[in-house]
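Structure record follows, encoded as structure tokens.
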Protein chains: 2
Amino acid sequence: MTPLLLVSQHVLERHGDALNAILRTAPRALEVLPFTLDLQVTAAQVPRIEAAFFSYEIWNGTIKNQPSAQSALFWSIADNAPHLKWLQVFSAGSDQQRYRYSFERGVRVSTSAGTNGAPVAMTAFTGLLAVARGFPQWVAAQRGRQWTPLQGGQMPRDLRGQTAVIVGTGIIGTTIARCLHAVGVKTVGIRRSAAPAEHFDRTLPLTELDSVLPTADWLVLAGPLTSETRGLIDARRLALLPRGAGLVNVSRGEIVDEAAVIHALRSGHLRGAHLDVFTEEPLPADSPFWDLPNTIITPHNAAISAGNFGRGVELFLRNLAAYLAGRPLINEV
Amino acid sequence: MTPLLLVSQHVLERHGDALNAILRTAPRALEVLPFTLDLQVTAAQVPRIEAAFFSYEIWNGTIKNQPSAQSALFWSIADNAPHLKWLQVFSAGSDQQRYRYSFERGVRVSTSAGTNGAPVAMTAFTGLLAVARGFPQWVAAQRGRQWTPLQGGQMPRDLRGQTAVIVGTGIIGTTIARCLHAVGVKTVGIRRSAAPAEHFDRTLPLTELDSVLPTADWLVLAGPLTSETRGLIDARRLALLPRGAGLVNVSRGEIVDEAAVIHALRSGHLRGAHLDVFTEEPLPADSPFWDLPNTIITPHNAAISAGNFGRGVELFLRNLAAYLAGRPLINEV
């Protein structure tokens with residue numbers, strides 16, 4: 001029996017021709033099993049599933065560990081397919097709970113890292129600029145129909161000449177650095193090694209983060225959650241930042257000590273923050289984060305962009321051709 | 001009697017040495033009359049005033065035609081000084097009501113155009129990015145402690161590849177264009193002539209604005225208010241924009257038909273706006289602008305930046321040296 005490729009009807013409708021062209025010319029056969037919300041997989045089909053594409057619109061509606069209906073169905077199939085060998089996922093990160101079982105049982109997993117990096121970076125850059133220019137104060141005044149120009153001590157400093165320390169020098173961190181350079185902000189990249197990275201004035205290894213925090217007007221968290229970065233930004237490191245520094249987090253909530261961040265935002269040690277990610281998502285209604293006047297909250301939504309879907313499918317198709325030809329996969333974890 | 005230069009005590013305290021150095025080496029004498037809120041000018045002093053610097057902190061607190069206390073006092077002196085010959089003003093524009101009498105009676109007026117262009121551009125750029133990425137929706141959800149990621153049709157399009165039509169190719173328009181280029185947005189500049197301008201992919205004269213509006217994802221108003229631009233963006237021109245375009249105005253409220261803009265924002269023809277300027281300022285509490293969910297209002301505050309004051313004084317000092325030496329003034333209107 002020909003092995004099966006589980007891929008959504010939504011993807012097939014939009015990119016079916018390109019997919020079929022790859023399958024037609026591939027060195028070996030793979031048959032498409034179209035995924036829909038009313039798919040009923042037969043007992044004979046399940047063992048035949050060899051590859052699966054967890055595409056964006058299947059995930060869509062999922063909030064951290066609360067799966068969308070499509071997502072729940074997809075994983076009930078994929079996690080029960082005994083001969084699943086390759087899983088392509090729409091997400092940039094590989095730390096979703098749902099992927100763990102695949103790793104544990106040796107399924108090859110490749111991510112879509114890079115396909116939504118530009119929108120994430122643009123959201124982080126926008127959040128930084130908004131905090132820098134005073135938008136949280138203006139928006140709060142607008143809500144009260146108050147015309148209250150910023151004056152005196154509220155006046156923001158010139159952005160040009162400030163310094164941003166960016167943890168993570170992948171596509172997201174690098175794109176943020178490129179944008180910050182364009183508005184005259186100096187960039188220091190923090191990465192595993194100290195090797196130079198494009199658009200960074202300096203790079204330092206993670207072990208030297210403390211030495212550079214006192215120079216940071218902005219601390220931008222844009223790297224993956226790993227055992228080294230979990231809890232990285234605690235009260236001690238926040239205290240190393242100069243008073244009035246700003247924080248942007250488009251990485252993972254677990255990278256910061258959230259209670260310490262709230263304390264620093266309340267005391268004014270942090271002048272403001274743009275936070276896209278939290279330890280608990282959705283952020284509980286009683287979280288103190290919601291009401292911090294100098295903080296912009298975006299609901300783990302930094303990546304949102306209509307172009308991501310197409311970029312994700314393109315990467316999947318490239319990996320599909322590589323997989324069938326036995327070549328290395330892009331972004332294999 | 002030595003003629004007098006009216007300049008604030010605030011400026012003297014911060015830049016007195018540089019000012020005195022210019023006066024000491026000047027080809028002719030000018031004596032400083034320090035301006036404070038409790039200055040009482042004598043009848044003998046008033047006719048001696050030859051030059052005056054309307055610096056930022058004198059203006060500060062003024063809202064359109066409602067002067068701050070210092071501002072009211074300053075103009076009661078300056079407008080009654082019969083031999084005032086030169087007036088340096090902190091503002092980039094020369095259209096403030098308060099300057100009119102000086103123009104009418106032949107006082108030379110030089111502005112501070114250029115000294116706050118970068119912050120204005122940064123605010124406009126931030127406003128555009130914020131509308132582009134969905135920040136108005138996110139901020140509204142935050143207010144209600146709602147975790148509501150944008151999905152489906154709410155999803156913003158990729159910014160890269162979009163087109164911004166920027167009316168005004170001075171320092172503000174050019175800086176906005178430079179920033180937009182850095183994030184992959186194409187720029188069309190609208191100016192009096194069609195001469196090329198740096199950071200614009202194309203430039204067109206004002207008379208050809210209509211031809212390019214249908215291609216604009218963003219319409220950015222960043223030029224001066226003149227007889228040619230008053231009422232420029234009316235219902236007809238808004239209708240020429242494609243549905244879903246965004247608007248940014250850091251110019252003057254009088255450049256748009258405000259009722260037509262409100263209508264376009266309500267109907268969704270405009271996807272959103274960032275507006276810093278209005279025909280009536282402060283914006284009245286009953287203005288429909290306040291509550292438009294897709295609109296960010298900043299209170300004619302786009303220029304705010306701690307660095308402007310120093311840049312303005314530097315320009316004043318350069319013009320003071322030029323004035324005393326009989327050389328042309330920078331930014332003479």
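For the structure tokens, the naming scheme is as follows: chains receive sequential letters (A, B, ...) according to their order of presentation, residues are indexed from 1 within each chain, and ligands are indexed from 1 in presentation order.
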Could you list, as a count of residues only, the residues of chain B having an atom within 7 Å of chain A when counting only C-alpha atoms?
32
Counting only C-alpha atoms, what is within 9 Å of Ala325 (chain B), bar same-chain residues fewer than 6 positions away, as a list in words?
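Surrounding residues, per the criterion: Ala26, Pro27 and Arg28 of chain B.
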Min atom-atom distance to Asn331 (chain B) from the set B:Gln88, B:Thr207, B:Glu31, B:Arg266, counting only C-alpha atoms, belongs to B:Gln88
If you count only C-alpha atoms, which residues fall within 9 Å of region 253-264 of chain A, apart from same-chain ones fewer than 4 positions away, as a VMD selection string?
chain A and resid 221 224 to 226 229 to 236 238 to 239 247 249 268 to 271 275 to 280 288 to 289 292
Quick check, in Å to one decimal: how far apart do CA of Ser193 (chain B) and CA of Glu228 (chain B) lie?
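One can read the CA of Ser193 (chain B) to CA of Glu228 (chain B) distance as 12.9 Å.
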Strand (DSSP E or B) residues, from DSSP on the backbone, in region 180-295 of chain B, as a PyMOL selection string
chain B and resi 186-191+202-205+218-221+233+245-249+256+270-275+295
One number please: CA of Ser68 (chain B) to CA of Pro3 (chain B), in Å, one decimal.
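Separation between CA of Ser68 (chain B) and CA of Pro3 (chain B): 27.0 Å.
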Given only C-alpha atoms as the counted atoms, nearest of B:Asn294, B:Gln40, B:Thr163, B:Ser8 to Pro242 (chain B)
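Looking at the shortest contact to Pro242 (chain B), the residue is B:Thr163.
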